[in-house]
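K.L.:
I am sharing input_4.cif, which consists of mmCIF, C-alpha atoms:
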data_upload
#
loop_
_atom_site.group_PDB
_atom_site.id
_atom_site.type_symbol
_atom_site.label_atom_id
_atom_site.label_comp_id
_atom_site.auth_asym_id
_atom_site.auth_seq_id
_atom_site.Cartn_x
_atom_site.Cartn_y
_atom_site.Cartn_z
ATOM 1 C CA MET A 1 157.781 161.338 97.160
ATOM 2 C CA THR A 2 155.182 164.066 96.928
ATOM 3 C CA PRO A 3 154.585 166.478 99.815
ATOM 4 C CA GLY A 4 151.942 165.154 102.166
ATOM 5 C CA ALA A 5 152.198 161.601 100.830
ATOM 6 C CA GLY A 6 151.558 158.998 103.451
ATOM 7 C CA LYS A 7 149.668 161.428 105.654
ATOM 8 C CA LYS A 8 146.030 160.923 106.345
ATOM 9 C CA PRO A 9 143.753 163.765 105.324
ATOM 10 C CA GLU A 10 142.695 165.933 108.228
ATOM 11 C CA GLN A 11 139.450 164.645 109.695
ATOM 12 C CA HIS A 12 136.845 166.693 111.501
ATOM 13 C CA ASP A 13 134.126 165.420 113.762
ATOM 14 C CA SER A 14 131.590 168.087 112.924
ATOM 15 C CA ALA A 15 130.899 170.874 110.487
ATOM 16 C CA PHE A 16 131.802 173.436 113.130
ATOM 17 C CA ASP A 17 135.188 171.844 113.855
ATOM 18 C CA ARG A 18 136.471 172.581 110.357
ATOM 19 C CA PRO A 19 138.895 175.512 110.166
ATOM 20 C CA ALA A 20 136.432 177.786 108.348
ATOM 21 C CA ASN A 21 133.706 177.109 110.880
ATOM 22 C CA GLY A 22 135.886 176.865 113.981
ATOM 23 C CA ARG A 23 136.272 180.618 113.967
ATOM 24 C CA ALA A 24 132.508 181.111 113.577
ATOM 25 C CA SER A 25 131.944 178.734 116.477
ATOM 26 C CA ARG A 26 134.382 180.653 118.679
ATOM 27 C CA ILE A 27 132.678 183.932 117.781
ATOM 28 C CA LEU A 28 129.301 182.416 118.647
ATOM 29 C CA ASP A 29 130.680 181.219 121.985
ATOM 30 C CA ARG A 30 132.082 184.675 122.749
ATOM 31 C CA LEU A 31 128.765 186.310 121.888
ATOM 32 C CA ALA A 32 126.916 183.829 124.102
ATOM 33 C CA ASP A 33 129.423 184.418 126.925
ATOM 34 C CA GLY A 34 129.127 188.198 126.546
ATOM 35 C CA ALA A 35 125.341 188.063 126.530
ATOM 36 C CA ALA A 36 125.346 185.848 129.638
ATOM 37 C CA PHE A 37 127.748 188.263 131.353
ATOM 38 C CA VAL A 38 125.370 191.165 130.634
ATOM 39 C CA ALA A 39 122.515 189.026 132.010
ATOM 40 C CA CYS A 40 124.523 188.510 135.215
ATOM 41 C CA LEU A 41 125.138 192.254 135.499
ATOM 42 C CA LEU A 42 121.409 192.851 135.080
ATOM 43 C CA LEU A 43 120.661 190.370 137.868
ATOM 44 C CA LEU A 44 123.113 192.234 140.084
ATOM 45 C CA PHE A 45 121.412 195.517 139.139
ATOM 46 C CA GLN A 46 118.037 194.017 140.061
ATOM 47 C CA VAL A 47 119.215 192.969 143.502
ATOM 48 C CA ILE A 48 120.878 196.295 144.295
ATOM 49 C CA ALA A 49 118.069 198.433 142.848
ATOM 50 C CA ILE A 50 115.277 196.571 144.622
ATOM 51 C CA CYS A 51 117.110 196.565 147.961
ATOM 52 C CA LEU A 52 117.859 200.274 147.640
ATOM 53 C CA ASP A 53 114.270 201.019 146.614
ATOM 54 C CA VAL A 54 112.834 199.090 149.573
ATOM 55 C CA ALA A 55 115.272 200.685 152.019
ATOM 56 C CA LEU A 56 114.544 204.219 150.785
ATOM 57 C CA ARG A 57 110.810 203.583 150.671
ATOM 58 C CA PHE A 58 110.557 202.353 154.250
ATOM 59 C CA ALA A 59 113.268 204.478 155.857
ATOM 60 C CA PHE A 60 112.592 207.828 154.181
ATOM 61 C CA ASP A 61 109.317 207.330 152.281
ATOM 62 C CA MET A 62 111.239 208.093 149.065
ATOM 63 C CA PRO A 63 110.947 205.222 146.575
ATOM 64 C CA LEU A 64 113.176 205.273 143.506
ATOM 65 C CA ASN A 65 111.160 206.209 140.439
ATOM 66 C CA GLY A 66 111.276 203.592 137.670
ATOM 67 C CA VAL A 67 112.980 200.781 139.580
ATOM 68 C CA THR A 68 109.998 198.459 139.232
ATOM 69 C CA ALA A 69 109.749 199.088 135.493
ATOM 70 C CA MET A 70 113.473 198.646 134.902
ATOM 71 C CA THR A 71 113.648 195.433 136.918
ATOM 72 C CA GLU A 72 110.620 194.047 135.053
ATOM 73 C CA TRP A 73 112.215 194.845 131.698
ATOM 74 C CA SER A 74 115.564 193.465 132.796
ATOM 75 C CA LEU A 75 113.917 190.101 133.520
ATOM 76 C CA LEU A 76 113.158 189.828 129.792
ATOM 77 C CA TYR A 77 116.778 190.706 129.026
ATOM 78 C CA VAL A 78 118.118 188.152 131.513
ATOM 79 C CA ALA A 79 116.006 185.386 129.978
ATOM 80 C CA PHE A 80 116.936 186.090 126.365
ATOM 81 C CA LEU A 81 120.571 187.024 126.947
ATOM 82 C CA GLY A 82 121.218 183.898 128.995
ATOM 83 C CA ALA A 83 119.348 181.351 126.861
ATOM 84 C CA ALA A 84 122.112 180.648 124.319
ATOM 85 C CA TRP A 85 124.773 180.247 126.997
ATOM 86 C CA LEU A 86 122.500 177.945 129.014
ATOM 87 C CA GLN A 87 121.788 175.849 125.907
ATOM 88 C CA ARG A 88 125.484 175.516 125.163
ATOM 89 C CA GLU A 89 126.099 174.363 128.739
ATOM 90 C CA ASN A 90 123.175 171.876 128.576
ATOM 91 C CA GLY A 91 121.494 173.685 131.437
ATOM 92 C CA HIS A 92 117.935 173.707 130.126
ATOM 93 C CA VAL A 93 115.382 171.453 131.761
ATOM 94 C CA ARG A 94 114.801 168.033 130.273
ATOM 95 C CA VAL A 95 113.328 164.846 131.603
ATOM 96 C CA ASP A 96 116.497 162.812 132.095
ATOM 97 C CA ILE A 97 114.782 159.984 133.937
ATOM 98 C CA LEU A 98 112.858 159.067 130.771
ATOM 99 C CA ARG A 99 115.710 159.814 128.386
ATOM 100 C CA ASN A 100 118.194 157.752 130.391
ATOM 101 C CA ALA A 101 115.928 154.705 130.221
ATOM 102 C CA LEU A 102 116.095 154.731 126.414
ATOM 103 C CA PRO A 103 118.702 152.906 124.348
ATOM 104 C CA HIS A 104 121.584 155.179 123.226
ATOM 105 C CA SER A 105 120.402 155.368 119.620
ATOM 106 C CA LEU A 106 116.832 156.247 120.588
ATOM 107 C CA ALA A 107 118.095 158.798 123.154
ATOM 108 C CA ARG A 108 120.025 160.526 120.337
ATOM 109 C CA VAL A 109 116.871 160.572 118.181
ATOM 110 C CA VAL A 110 114.964 162.173 121.078
ATOM 111 C CA ASP A 111 117.782 164.725 121.519
ATOM 112 C CA VAL A 112 117.696 165.614 117.814
ATOM 113 C CA GLY A 113 113.891 165.905 117.951
ATOM 114 C CA ALA A 114 114.158 168.264 120.917
ATOM 115 C CA ILE A 115 116.745 170.363 119.070
ATOM 116 C CA LEU A 116 114.488 170.549 116.001
ATOM 117 C CA ILE A 117 111.571 171.702 118.157
ATOM 118 C CA GLY A 118 113.887 174.274 119.739
ATOM 119 C CA LEU A 119 114.926 175.502 116.288
ATOM 120 C CA ILE A 120 111.281 175.955 115.303
ATOM 121 C CA VAL A 121 110.451 177.807 118.517
ATOM 122 C CA THR A 122 113.465 180.094 118.271
ATOM 123 C CA ALA A 123 112.713 180.779 114.592
ATOM 124 C CA VAL A 124 109.201 181.886 115.606
ATOM 125 C CA LEU A 125 110.689 184.064 118.355
ATOM 126 C CA ILE A 126 113.096 185.618 115.856
ATOM 127 C CA GLY A 127 110.337 186.363 113.362
ATOM 128 C CA PHE A 128 107.739 187.583 115.830
ATOM 129 C CA GLY A 129 110.281 189.462 117.956
ATOM 130 C CA THR A 130 111.695 191.250 114.919
ATOM 131 C CA TRP A 131 108.224 192.145 113.677
ATOM 132 C CA VAL A 132 107.066 193.523 117.062
ATOM 133 C CA THR A 133 110.345 195.413 117.588
ATOM 134 C CA TRP A 134 110.012 196.969 114.130
ATOM 135 C CA LEU A 135 106.382 197.972 114.807
ATOM 136 C CA LYS A 136 107.343 199.574 118.122
ATOM 137 C CA LEU A 137 110.148 201.449 116.379
ATOM 138 C CA ILE A 138 108.144 202.839 113.462
ATOM 139 C CA GLU A 139 105.169 203.694 115.696
ATOM 140 C CA ASN A 140 107.556 205.207 118.276
ATOM 141 C CA GLU A 141 105.428 203.623 120.980
ATOM 142 C CA ILE A 142 106.151 204.731 124.536
ATOM 143 C CA ASP A 143 105.426 202.830 127.755
ATOM 144 C CA PHE A 144 102.977 205.284 129.304
ATOM 145 C CA PHE A 145 102.162 203.024 132.257
ATOM 146 C CA LYS A 146 105.700 202.690 133.602
ATOM 147 C CA LEU A 147 108.089 205.350 132.301
ATOM 148 C CA ALA A 148 106.550 207.905 129.956
ATOM 149 C CA TRP A 149 109.896 208.719 128.321
ATOM 150 C CA MET A 150 110.921 205.131 127.497
ATOM 151 C CA PRO A 151 110.322 203.859 123.952
ATOM 152 C CA LEU A 152 109.362 200.193 123.787
ATOM 153 C CA TYR A 153 111.445 199.014 120.832
ATOM 154 C CA PRO A 154 114.723 198.672 122.810
ATOM 155 C CA ILE A 155 112.896 196.511 125.327
ATOM 156 C CA TYR A 156 111.589 194.171 122.630
ATOM 157 C CA ALA A 157 114.863 194.165 120.646
ATOM 158 C CA VAL A 158 116.446 191.649 122.986
ATOM 159 C CA ILE A 159 113.944 188.994 121.880
ATOM 160 C CA PRO A 160 115.210 188.579 118.305
ATOM 161 C CA PHE A 161 118.841 189.151 119.375
ATOM 162 C CA GLY A 162 118.754 186.474 122.067
ATOM 163 C CA ALA A 163 116.684 184.127 119.914
ATOM 164 C CA VAL A 164 119.224 184.378 117.051
ATOM 165 C CA LEU A 165 122.055 183.421 119.398
ATOM 166 C CA TRP A 166 119.964 180.586 120.836
ATOM 167 C CA PHE A 167 119.007 179.394 117.321
ATOM 168 C CA LEU A 168 122.664 179.316 116.241
ATOM 169 C CA VAL A 169 123.737 177.383 119.341
ATOM 170 C CA LEU A 170 120.927 174.879 118.716
ATOM 171 C CA LEU A 171 121.881 174.590 115.058
ATOM 172 C CA ARG A 172 125.500 173.961 115.973
ATOM 173 C CA SER A 173 124.461 171.265 118.430
ATOM 174 C CA LEU A 174 122.747 169.364 115.592
ATOM 175 C CA PHE A 175 126.130 168.915 113.924
ATOM 176 C CA GLU A 176 128.182 168.188 117.029
ATOM 177 C CA PRO A 177 129.590 164.727 117.336
ATOM 178 C CA THR A 178 127.372 162.451 119.345
ATOM 179 C CA ARG A 179 128.023 163.056 122.999
ATOM 180 C CA PRO A 180 128.024 160.057 125.282
ATOM 181 C CA THR A 181 124.514 159.611 126.539
ATOM 182 C CA LEU A 182 123.439 158.200 129.831
ATOM 183 C CA GLY A 183 120.803 156.058 128.139
ATOM 184 C CA ALA A 184 120.603 152.334 128.443
ATOM 185 C CA PRO A 185 122.976 150.427 126.180
ATOM 186 C CA ASP A 186 121.662 149.413 122.775
ATOM 187 C CA VAL A 187 120.515 145.823 122.660
#
What would the structure in this file look like if it were written as structure tokens?
P.N.:
Amino acid sequence: MTPGAGKKPEQHDSAFDRPANGRASRILDRLADGAAFVACLLLLFQVIAICLDVALRFAFDMPLNGVTAMTEWSLLYVAFLGAAWLQRENGHVRVDILRNALPHSLARVVDVGAILIGLIVTAVLIGFGTWVTWLKLIENEIDFFKLAWMPLYPIYAVIPFGAVLWFLVLLRSLFEPTRPTLGAPDV
């Protein structure tokens, strides 16, 4: 008897469940988790900084310089750092009432269509975000209206970074095994 005879070959439900891609999937999940954690820290910073700024402004007439600018910029970071994690957790908005009325097979087609649209949008964000970040870097553009010492390219850099993570999570979801849908049963 040859080694392995009588055993079924190892089966995998999706491309990302295979041993070579399982590691890549785990790395993607860790990157998404890390980015979401940084987004949470930025939200905490926003709350503390704004409260401190308001308290100092009204109590001592001494507002904190740059708090408004930094909280505005951190909103961009929160959105792009949290998008991939939110996608992985199925937390983005969708119209479930319509989707759930569809037969299972049609609901899956709608899901795949939504993922494809998401891939196109994130690809545009990657391209445009990279281009704008590069322009801001080579022009060494400064934000004169908010903080005169702050270059703009680090602010824009989160757009392609977050969009790449989001794109990869969307791409992985195309190859995931079909999740049970809440749609109407196929007839």
K.L.:
Which of these, A:His92, A:Arg108, A:Arg57, A:Arg30, has the shortest distance to Glu176 in chain A once you count all atoms listed in the file?
P.N.:
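Among the listed residues, the smallest separation from Glu176 in chain A belongs to A:Arg108.
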K.L.:
Just give me the gap between CA of Leu75 in chain A and CA of Leu31 in chain A in Å, one decimal is fine.
P.N.:
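So the two atoms, CA of Leu75 in chain A and CA of Leu31 in chain A, lie 19.2 Å apart.
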K.L.:
The PyMOL selection byres ((chain A and resi 142) around 6) on the file shown: which residues, as number ranges by chain?
P.N.:
A: 141, 143-144, 150-152
K.L.:
Please save C-alpha atoms of the selected residues as a short mmCIF file (atom, residue, chain, number, x, y, z; two decimals), in the frame of the given file.
P.N.:
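What follows is the written file result21.cif:
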data_model
loop_
_atom_site.label_atom_id
_atom_site.label_comp_id
_atom_site.auth_asym_id
_atom_site.auth_seq_id
_atom_site.Cartn_x
_atom_site.Cartn_y
_atom_site.Cartn_z
CA GLU A 141 105.43 203.62 120.98
CA ASP A 143 105.43 202.83 127.76
CA PHE A 144 102.98 205.28 129.30
CA MET A 150 110.92 205.13 127.50
CA PRO A 151 110.32 203.86 123.95
CA LEU A 152 109.36 200.19 123.79
#
K.L.:
Between A:Pro103, A:Gly118, A:Gly66, A:Gly34, which has the minimum distance to Ser173 in chain A (counting all atoms listed in the file)?
P.N.:
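Nearest to Ser173 in chain A: A:Gly118.
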K.L.:
On this structure, which residues satisfy the PyMOL selection byres ((chain A and resi 170) around 12), written as a ChimeraX atom specification?
P.N.:
/A:25,28,83-90,92,111-123,163-169,171-176
K.L.:
Hey, which of A:Ala69, A:Leu81, A:Val95, A:Leu76 ends up closest to Ala148 in chain A? Count only C-alpha atoms.
P.N.:
A:Ala69
K.L.:
Mind pulling up the distance from CA of Tyr156 in chain A to CA of Gly129 in chain A?
P.N.:
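Interatomic distance here is 6.8 Å.
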K.L.:
Using only C-alpha atoms, which of the listed residues (A:Ile50, A:Ala35, A:Ile138, A:Ala157) sits closest to Asn65 in chain A?
P.N.:
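Closest to Asn65 in chain A of all the choices is A:Ile50.
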K.L.:
Listed atoms of range 58-67 of chain A, axis-aligned box, 5 Å per side: centre and edge lengths to one decimal in Å, as lines of an AutoDock Vina configuration file?
P.N.:
center_x = 111.3
center_y = 204.4
center_z = 146.8
size_x = 14.0
size_y = 17.3
size_z = 28.2
K.L.:
Restricting the calculation to all atoms listed in the file: of A:Asn140, A:Phe80, A:Ala36, A:Phe145, which residue gets closest to Phe161 in chain A?
P.N.:
A:Phe80
K.L.:
What is the distance, in Å and to one decimal place, between CA of Gly91 in chain A and CA of Ala24 in chain A?
P.N.:
22.3 Å
K.L.:
Give me the residues within 9 Å of range 38-48 of chain A as an NGL selection string, counting all atoms listed in the file and dropping any in the same chain fewer than 5 places off.
P.N.:
:A and (33 or 53 or 67 or 70-72 or 74-75 or 77-82)
K.L.:
At a cut-off of 12 Å, using only C-alpha atoms, what residues contact Trp131 in chain A? Leave out same-chain residues fewer than 3 positions from it and give the result as a tab-separated table (two decimals) with C-alpha atoms, in the frame of the given file.
P.N.:
chain	number	residue	atom	x	y	z
A	124	VAL	CA	109.20	181.89	115.61
A	125	LEU	CA	110.69	184.06	118.36
A	126	ILE	CA	113.10	185.62	115.86
A	127	GLY	CA	110.34	186.36	113.36
A	128	PHE	CA	107.74	187.58	115.83
A	134	TRP	CA	110.01	196.97	114.13
A	135	LEU	CA	106.38	197.97	114.81
A	136	LYS	CA	107.34	199.57	118.12
A	137	LEU	CA	110.15	201.45	116.38
A	138	ILE	CA	108.14	202.84	113.46
A	153	TYR	CA	111.44	199.01	120.83
A	156	TYR	CA	111.59	194.17	122.63
A	157	ALA	CA	114.86	194.16	120.65
A	159	ILE	CA	113.94	188.99	121.88
A	160	PRO	CA	115.21	188.58	118.30
K.L.:
From the options A:Leu98, A:Ala32, A:Ile27, A:Leu106, which residue's atoms come nearest to Gly162 in chain A, counting only C-alpha atoms?
P.N.:
A:Ala32
